[in-house]
$ cat entry34.txt   # compact mmCIF, C-alpha atoms
# COMPACT_ATOMS: atom_id res chain seq x y z
CA MET I 26 -33.05 66.11 159.69
CA ASN I 27 -29.83 65.19 161.45
CA ARG I 28 -27.94 66.44 158.41
CA PHE I 29 -29.02 69.98 159.14
CA LEU I 30 -28.94 69.84 162.91
CA ILE I 31 -25.15 69.48 163.15
CA PRO I 32 -24.23 72.49 160.96
CA PHE I 33 -26.99 74.48 162.60
CA GLY I 34 -25.65 73.62 166.06
CA LEU I 35 -22.15 74.66 164.97
CA PHE I 36 -23.56 77.88 163.57
CA ILE I 37 -25.25 78.68 166.89
CA VAL I 38 -22.00 78.02 168.78
CA VAL I 39 -20.02 80.31 166.45
CA VAL I 40 -22.66 83.04 166.73
CA GLY I 41 -22.51 82.69 170.51
CA PHE I 42 -18.74 83.19 170.53
CA LEU I 43 -18.99 86.18 168.20
CA ALA I 44 -21.78 87.75 170.27
CA VAL I 45 -19.69 87.52 173.43
CA GLY I 46 -16.68 88.82 171.52
CA LEU I 47 -18.60 91.89 170.44
CA THR I 48 -19.28 92.92 174.01
CA LEU I 49 -15.58 92.77 174.96
CA ASN I 50 -13.35 95.77 174.63
CA PRO I 51 -10.09 94.66 173.00
CA ARG I 52 -8.34 97.78 174.25
CA GLU I 53 -8.82 96.80 177.87
CA LEU I 54 -5.95 94.53 178.72
CA PRO I 55 -5.77 93.07 182.21
CA SER I 56 -2.73 94.46 183.94
CA PRO I 57 -0.28 91.95 185.36
CA LEU I 58 0.67 94.60 187.93
CA VAL I 59 -2.55 94.45 189.94
CA GLY I 60 -1.66 92.88 193.28
CA LYS I 61 2.01 93.73 192.88
CA ALA I 62 4.06 96.53 194.39
CA ALA I 63 3.65 99.81 192.54
CA PRO I 64 6.86 100.63 190.66
CA GLU I 65 8.87 103.27 192.47
CA PHE I 66 9.50 106.65 190.99
CA SER I 67 11.18 109.84 191.98
CA LEU I 68 10.40 112.72 189.66
CA GLN I 69 10.40 116.44 189.27
CA GLN I 70 7.19 118.20 190.28
CA LEU I 71 5.21 120.06 187.65
CA HIS I 72 4.44 123.16 189.67
CA ASP I 73 7.77 123.35 191.45
CA PRO I 74 10.57 121.90 189.32
CA GLU I 75 13.04 122.32 192.18
CA LYS I 76 11.15 119.75 194.21
CA VAL I 77 10.94 116.00 193.78
CA ILE I 78 7.98 113.74 194.36
CA SER I 79 8.79 110.17 195.27
CA SER I 80 6.45 107.20 195.55
CA ASN I 81 8.06 106.41 198.91
CA ASP I 82 6.64 109.61 200.35
CA LEU I 83 3.16 108.28 199.72
CA LYS I 84 3.46 105.05 201.70
CA GLY I 85 1.00 104.70 204.54
CA LYS I 86 -2.02 106.08 202.74
CA VAL I 87 -4.37 105.01 200.02
CA TRP I 88 -3.92 107.15 196.91
CA LEU I 89 -4.81 107.36 193.27
CA LEU I 90 -2.19 107.75 190.59
CA ASN I 91 -3.62 109.30 187.46
CA PHE I 92 -1.64 109.35 184.23
CA TRP I 93 -2.78 112.24 182.08
CA ALA I 94 -1.56 114.75 179.51
CA SER I 95 -2.74 118.06 178.15
CA TRP I 96 -2.89 116.49 174.66
CA CYS I 97 -5.18 113.69 175.78
CA GLY I 98 -8.88 113.86 174.94
CA GLY I 99 -10.06 111.25 177.42
CA CYS I 100 -8.41 113.21 180.22
CA LYS I 101 -10.69 116.14 179.50
CA GLU I 102 -13.62 113.75 179.66
CA GLU I 103 -12.77 112.35 183.08
CA HIS I 104 -11.61 115.67 184.50
CA PRO I 105 -14.93 116.64 186.16
CA VAL I 106 -14.94 113.27 187.93
CA LEU I 107 -11.44 113.87 189.25
CA ILE I 108 -12.42 117.32 190.46
CA ARG I 109 -15.36 115.79 192.30
CA ILE I 110 -13.09 113.25 194.02
CA ALA I 111 -10.72 116.05 195.00
CA GLN I 112 -13.56 118.14 196.41
CA SER I 113 -14.96 115.25 198.42
CA GLY I 114 -11.51 114.80 199.96
CA GLU I 115 -12.06 111.06 200.16
CA VAL I 116 -8.82 110.02 198.53
CA PRO I 117 -5.84 112.07 197.35
CA ILE I 118 -5.06 112.02 193.65
CA TYR I 119 -1.51 112.35 192.43
CA GLY I 120 -1.03 113.25 188.81
CA MET I 121 1.54 111.93 186.39
CA ASP I 122 2.01 114.30 183.50
CA TYR I 123 2.79 111.76 180.79
CA LYS I 124 4.88 112.72 177.72
CA ASP I 125 3.76 116.32 177.87
CA GLN I 126 5.16 119.82 177.77
CA ARG I 127 5.39 121.67 181.04
CA SER I 128 3.93 124.94 179.81
CA GLU I 129 0.96 123.25 178.18
CA ALA I 130 0.29 121.03 181.17
CA LEU I 131 0.34 124.06 183.48
CA ALA I 132 -2.00 125.99 181.20
CA TRP I 133 -4.37 123.03 181.00
CA LEU I 134 -4.61 122.76 184.79
CA LYS I 135 -5.07 126.49 185.08
CA ASP I 136 -7.90 126.47 182.55
CA TRP I 137 -9.81 123.45 183.83
CA GLY I 138 -8.82 123.24 187.47
CA ASN I 139 -6.31 121.12 189.32
CA PRO I 140 -7.60 117.99 191.07
CA TYR I 141 -4.11 116.81 192.02
CA GLN I 142 -2.20 117.04 195.29
CA ILE I 143 1.07 117.02 193.40
CA VAL I 144 1.79 116.41 189.73
CA ALA I 145 4.94 114.54 188.76
CA VAL I 146 6.52 115.02 185.35
CA ASP I 147 7.20 111.93 183.26
CA GLU I 148 8.33 113.57 180.06
CA PRO I 149 10.14 110.58 178.49
CA GLY I 150 7.35 108.21 179.53
CA ARG I 151 9.63 105.84 181.45
CA VAL I 152 7.54 105.68 184.60
CA GLY I 153 4.58 105.08 182.30
CA ILE I 154 6.32 102.02 180.87
CA ASN I 155 7.09 100.73 184.37
CA TYR I 156 3.40 100.99 185.19
CA GLY I 157 2.40 99.33 181.92
CA VAL I 158 0.67 102.45 180.64
CA TYR I 159 -0.32 102.20 176.97
CA GLY I 160 -2.71 105.09 176.66
CA VAL I 161 -3.81 107.97 178.81
CA PRO I 162 -5.80 108.39 180.96
CA GLU I 163 -5.02 105.46 183.20
CA THR I 164 -5.57 105.43 186.93
CA TYR I 165 -4.16 103.18 189.63
CA VAL I 166 -5.52 102.63 193.13
CA ILE I 167 -2.54 102.09 195.42
CA ASP I 168 -2.92 100.88 199.01
CA LYS I 169 -1.11 101.81 202.22
CA ALA I 170 1.62 99.26 201.63
CA GLY I 171 2.23 100.58 198.12
CA VAL I 172 0.53 97.73 196.29
CA ILE I 173 -1.53 98.35 193.15
CA ARG I 174 -5.09 97.20 193.84
CA TYR I 175 -6.92 98.34 190.73
CA LYS I 176 -6.17 99.76 187.33
CA GLN I 177 -8.64 101.85 185.40
CA ILE I 178 -7.91 101.97 181.67
CA GLY I 179 -9.46 104.97 179.97
CA PRO I 180 -11.50 107.72 181.59
CA ILE I 181 -13.05 107.16 185.01
CA ARG I 182 -16.79 107.38 184.58
CA GLU I 183 -19.20 108.23 187.39
CA ASP I 184 -20.53 104.68 187.56
CA ILE I 185 -17.03 103.17 187.73
CA LEU I 186 -16.14 105.60 190.48
CA GLU I 187 -19.23 104.82 192.55
CA LYS I 188 -19.31 101.08 191.97
CA LYS I 189 -15.66 100.15 191.90
CA ILE I 190 -13.14 102.77 192.88
CA LEU I 191 -14.71 104.42 195.94
CA PRO I 192 -15.86 101.19 197.60
CA LEU I 193 -12.38 99.74 197.09
CA VAL I 194 -10.74 102.89 198.47
CA ARG I 195 -12.95 102.83 201.58
CA GLU I 196 -12.18 99.21 202.19
CA LEU I 197 -8.44 99.77 201.78
CA GLN I 198 -8.52 102.78 204.08
CA LYS I 199 -9.96 100.60 206.85
CA GLN I 200 -7.08 98.17 206.67
CA MET N 1 19.81 134.92 127.54
CA ARG N 2 21.86 132.02 126.35
CA TRP N 3 24.13 132.04 129.42
CA LEU N 4 21.05 131.64 131.58
CA TRP N 5 20.16 128.44 129.76
CA VAL N 6 23.66 127.15 130.18
CA LEU N 7 23.63 128.00 133.84
CA MET N 8 20.31 126.20 134.26
CA LEU N 9 21.75 123.12 132.65
CA ILE N 10 24.94 123.14 134.65
CA LEU N 11 23.54 123.93 138.08
CA PRO N 12 21.73 120.63 138.72
CA SER N 13 24.91 118.70 138.11
CA LEU N 14 26.37 120.35 141.20
CA ALA N 15 23.79 118.69 143.41
CA THR N 16 25.22 115.48 144.75
CA ALA N 17 23.47 112.73 146.59
CA TYR N 18 24.93 111.15 149.67
CA GLU N 19 24.26 107.67 150.83
CA ALA N 20 21.81 107.49 153.73
CA GLN N 21 23.58 107.10 157.03
CA PRO N 22 22.65 104.03 159.02
CA LEU N 23 20.36 105.04 161.88
CA ALA N 24 22.19 103.27 164.62
CA ALA N 25 25.86 103.42 165.37
CA ASN N 26 25.82 99.74 166.15
CA PRO N 27 24.26 97.64 163.37
CA GLN N 28 24.50 94.46 165.44
CA ALA N 29 22.40 95.93 168.24
CA GLU N 30 19.95 97.25 165.68
CA ALA N 31 19.59 93.79 164.16
CA ARG N 32 18.80 92.38 167.59
CA LEU N 33 16.25 95.12 168.16
CA LYS N 34 14.63 94.29 164.85
CA ALA N 35 14.49 90.58 165.63
CA LEU N 36 12.89 91.29 169.01
CA ALA N 37 10.54 93.96 167.78
CA VAL N 38 8.82 91.70 165.25
CA GLU N 39 7.94 89.31 168.10
CA LEU N 40 6.38 92.06 170.21
CA ARG N 41 3.03 93.69 169.85
CA CYS N 42 2.45 97.41 169.88
CA LEU N 43 -0.15 98.02 172.56
CA VAL N 44 -1.62 101.12 170.97
CA CYS N 45 -2.28 99.81 167.47
CA GLN N 46 -2.80 96.24 168.48
CA ASN N 47 -2.38 94.51 165.16
CA GLN N 48 1.04 95.95 164.48
CA THR N 49 4.35 94.76 165.78
CA LEU N 50 6.63 96.99 167.74
CA ALA N 51 8.83 97.15 164.65
CA ASP N 52 6.05 98.41 162.38
CA SER N 53 4.33 100.89 164.63
CA ASN N 54 4.88 104.62 164.63
CA ALA N 55 2.93 105.18 167.83
CA PRO N 56 4.83 107.22 170.43
CA LEU N 57 4.60 104.35 172.90
CA ALA N 58 6.16 102.00 170.36
CA GLU N 59 9.00 104.47 169.87
CA ASP N 60 9.51 104.62 173.62
CA LEU N 61 9.47 100.86 173.92
CA ARG N 62 11.99 100.53 171.10
CA ARG N 63 14.19 103.03 172.92
CA GLU N 64 13.80 100.99 176.10
CA VAL N 65 14.68 97.73 174.29
CA ARG N 66 17.66 99.43 172.64
CA GLU N 67 18.94 100.51 176.03
CA MET N 68 18.52 97.04 177.43
CA ILE N 69 20.46 95.62 174.47
CA ALA N 70 23.20 98.15 175.18
CA LYS N 71 23.22 96.89 178.78
CA ASP N 72 23.86 93.41 177.38
CA MET N 73 20.65 91.90 178.69
CA SER N 74 19.54 88.61 177.16
CA ASP N 75 16.47 88.35 174.91
CA LYS N 76 14.64 86.52 177.67
CA GLU N 77 15.37 89.27 180.19
CA ILE N 78 14.14 91.91 177.78
CA ILE N 79 10.95 90.01 177.01
CA ASP N 80 10.35 89.36 180.72
CA PHE N 81 10.74 93.09 181.36
CA LEU N 82 7.89 93.81 178.96
CA VAL N 83 5.71 90.90 180.04
CA THR N 84 5.83 91.92 183.72
CA ARG N 85 4.56 95.35 182.70
CA TYR N 86 2.15 94.65 179.88
CA GLY N 87 1.28 90.99 180.28
CA ASP N 88 1.41 88.17 177.74
CA PHE N 89 -0.48 90.34 175.30
CA VAL N 90 2.78 91.96 174.15
CA LEU N 91 3.93 88.63 172.80
CA TYR N 92 2.90 87.63 169.31
CA ARG N 93 3.71 84.05 170.29
CA PRO N 94 1.73 83.47 173.47
CA PRO N 95 3.39 81.16 175.99
CA TRP N 96 2.16 77.62 176.48
CA LYS N 97 0.01 77.81 179.61
CA LEU N 98 -3.20 76.33 180.97
CA THR N 99 -5.19 79.31 179.71
CA THR N 100 -3.66 79.12 176.24
CA THR N 101 -4.05 75.36 175.76
CA LEU N 102 -7.13 75.75 173.58
CA LEU N 103 -5.38 78.45 171.57
CA TRP N 104 -2.44 76.20 170.78
CA LEU N 105 -4.34 72.92 170.40
CA GLY N 106 -7.49 74.33 168.84
CA PRO N 107 -6.24 74.24 165.22
CA PHE N 108 -5.08 70.62 165.57
CA LEU N 109 -8.38 69.75 167.21
CA LEU N 110 -10.27 71.28 164.30
CA LEU N 111 -7.99 69.48 161.85
CA GLY N 112 -8.74 66.20 163.63
CA VAL N 113 -12.48 66.81 163.58
CA GLY N 114 -12.33 67.72 159.87
CA ALA N 115 -10.23 64.68 158.98
CA THR N 116 -12.53 62.33 160.88
CA GLY N 117 -15.56 63.88 159.20
CA LEU N 118 -13.91 63.46 155.82
CA VAL N 119 -13.08 59.80 156.45
CA PHE N 120 -16.65 59.08 157.51
CA ALA N 121 -18.13 60.91 154.54
CA LEU N 122 -15.85 59.07 152.09
CA ARG N 123 -16.64 55.71 153.63
CA ARG N 124 -20.34 56.35 153.36
CA ARG N 125 -20.01 57.35 149.75
CA GLN N 126 -17.98 54.25 148.95
CA LYS N 127 -20.62 52.04 150.51
CA LYS N 128 -23.32 53.69 148.43
CA VAL N 129 -21.44 52.94 145.20
CA THR N 130 -20.73 49.29 145.99
CA ASP N 131 -24.15 48.59 147.40
CA VAL N 132 -25.88 49.17 144.10
CA THR N 133 -26.92 45.86 142.56
CA LEU N 134 -27.84 45.56 138.93
CA SER N 135 -30.36 43.23 137.48
CA GLU N 136 -29.48 41.20 134.40
CA ALA N 137 -31.53 43.47 132.13
CA GLU N 138 -29.90 46.62 133.51
CA HIS N 139 -26.49 45.07 133.11
CA ASN N 140 -27.16 44.32 129.47
CA ARG N 141 -28.37 47.83 128.89
CA VAL N 142 -25.20 49.28 130.39
CA GLU N 143 -23.11 47.05 128.16
CA LYS N 144 -25.06 48.15 125.15
CA LEU N 145 -24.78 51.82 125.98
CA LEU N 146 -21.05 51.57 126.60
CA SER N 147 -20.37 49.77 123.35
CA GLU N 148 -22.50 52.19 121.31
CA GLY N 149 -21.45 55.41 122.93
CA VAL N 150 -23.96 58.07 123.84
CA HIS N 151 -26.23 59.30 121.06
CA ARG N 152 -27.39 62.75 121.84
CA PRO N 153 -30.59 63.79 120.14

$ encode --input "entry34.txt" --output "structure tokens"
Amino acid sequence: MNRFLIPFGLFIVVVGFLAVGLTLNPRELPSPLVGKAAPEFSLQQLHDPEKVISSNDLKGKVWLLNFWASWCGGCKEEHPVLIRIAQSGEVPIYGMDYKDQRSEALAWLKDWGNPYQIVAVDEPGRVGINYGVYGVPETYVIDKAGVIRYKQIGPIREDILEKKILPLVRELQKQ
Amino acid sequence: MRWLWVLMLILPSLATAYEAQPLAANPQAEARLKALAVELRCLVCQNQTLADSNAPLAEDLRREVREMIAKDMSDKEIIDFLVTRYGDFVLYRPPWKLTTTLLWLGPFLLLGVGATGLVFALRRRQKKVTDVTLSEAEHNRVEKLLSEGVHRP
């Protein structure tokens, strides 16, 4: 009896590990930047190339930084959620047009609507690298002191917005 | 008509091949990039190294590493730059930390368990062989069989 119990026990343990492994998403990597100061940037604006948008201008308020691109499928998916946030006026969203072409980005926003206060242009993707972006869309919640408090990898879904992002934003706004 | 044939035969000989130009002006820097890039993971296609991947992000990261090499930064500085942004996951050789202890020791642990199991199993088997006692009659039969050889029907 004992002869079979040991391999069977081992089998159960291995199955347990595999079962847990299946529920994990290997594409979601914890960001080492959460809790650290958001990397600074100073970039051309999408709608007004003469003007510059700098992360320093945004100190003192809680804001969302959303990396997106007109070529990105997931961005289309989360777009209605962003529009809803913008309409509620609860937290400003700043866009980062990541490795994109100006004309296409402008057309995309015109077609689907613009949820952003200001869109910065990161054509070579350098600011993206500073933020540890490895796929769009990615969204950062940044507090009044300019510290990253949360990173959303992939599209923001309604449930993530309601359960994680908005409660966090409200709490940070009180501080 | 004949001149056309001649022309067709001669024309290809005018095409000359040139040797491919090296991609980087500085082969030494490129060698360093290559050495670093095989140690780093591409975050988009996670089972490829930065050297193998064609993903746009991998291209950007190679560009970034190339620039850092040009700035004469050390390998450690370059790797730290990437780790602060992307975490330990970019490293194919994870650092030795509390959270990675099992990862590093696990194989040796398994080896130890296997070796111990093997030793026990062999000992048990040995005991079984030596423990067998033969009676006089059995012993004689064995002797007989061995001297005769086996007769198969």

$ closest_residue --input "entry34.txt" --among "N:Phe108, N:Phe120, N:Tyr92, N:Tyr86" --to "I:Gly160" --atoms "all atoms listed in the file"
N:Tyr86

$ interface_residues --input "entry34.txt" --of "chain N" --to "chain I" --cutoff "8 Å" --atoms "all atoms listed in the file" --output "PyMOL selection string"
chain N and resi 43-44+57+60-61+84-87+89

$ atom_distance --input "entry34.txt" --atom1 "atom CA of N:Lys97" --atom2 "atom CA of N:Glu64"
27.2 Å

$ residues_around --input "entry34.txt" --residues "stretch 60-63 of chain I" --least-positions-apart "4" --cutoff "12 Å" --atoms "all atoms listed in the file" --output "PyMOL selection string"
(chain I and resi 55-56+79-81+83-84+88-90+152-153+155-157+165-176) or (chain N and resi 84-85)

$ atom_distance --input "entry34.txt" --atom1 "atom CA of I:Glu163" --atom2 "atom CA of I:Phe92"
5.3 Å

$ residues_around --input "entry34.txt" --residues "I:Cys97" --least-positions-apart "5" --cutoff "10 Å" --atoms "only C-alpha atoms" --output "MDAnalysis selection string"
chainID I and resid 102 123 125 160:162

$ atom_distance --input "entry34.txt" --atom1 "atom CA of I:His72" --atom2 "atom CA of I:Trp137"
15.4 Å

$ closest_residue --input "entry34.txt" --among "I:Asp184, I:Val146, I:Pro140, I:Ile190" --to "I:Phe66" --atoms "all atoms listed in the file"
I:Val146

$ closest_residue --input "entry34.txt" --among "I:Val39, I:Val59, I:Ala44, I:Leu197" --to "I:Lys86" --atoms "only C-alpha atoms"
I:Leu197

$ closest_residue --input "entry34.txt" --among "I:Leu71, I:Ile181, I:Val87, I:Ile37" --to "I:Glu115" --atoms "all atoms listed in the file"
I:Val87

$ closest_residue --input "entry34.txt" --among "N:Leu7, N:Leu109, N:Val90, N:Leu98" --to "N:Val38" --atoms "only C-alpha atoms"
N:Val90

$ axis_aligned_box --input "entry34.txt" --around "stretch 177-187 of chain I" --padding-each-side "4 Å" --output "AutoDock Vina command-line options"
--center_x -14.2 --center_y 105.0 --center_z 186.3 --size_x 20.6 --size_y 14.4 --size_z 20.6

$ residues_near_point --input "entry34.txt" --point "(0.6, 117.5, 193.6)" --cutoff "10 Å" --atoms "all atoms listed in the file" --output "PyMOL selection string"
chain I and resi 70-73+78+117-121+139-145

$ write_last_selection --input "entry34.txt" --atoms "C-alpha atoms" --output "compact mmCIF listing (two decimals), keeping the file's coordinate frame"
# COMPACT_ATOMS: atom_id res chain seq x y z
CA GLN I 70 7.19 118.20 190.28
CA LEU I 71 5.21 120.06 187.65
CA HIS I 72 4.44 123.16 189.67
CA ASP I 73 7.77 123.35 191.45
CA ILE I 78 7.98 113.74 194.36
CA PRO I 117 -5.84 112.07 197.35
CA ILE I 118 -5.06 112.02 193.65
CA TYR I 119 -1.51 112.35 192.43
CA GLY I 120 -1.03 113.25 188.81
CA MET I 121 1.54 111.93 186.39
CA ASN I 139 -6.31 121.12 189.32
CA PRO I 140 -7.60 117.99 191.07
CA TYR I 141 -4.11 116.81 192.02
CA GLN I 142 -2.20 117.04 195.29
CA ILE I 143 1.07 117.02 193.40
CA VAL I 144 1.79 116.41 189.73
CA ALA I 145 4.94 114.54 188.76

$ closest_residue --input "entry34.txt" --among "N:Val65, N:Leu111, N:Leu9, N:Ala15" --to "N:Ala31" --atoms "only C-alpha atoms"
N:Val65
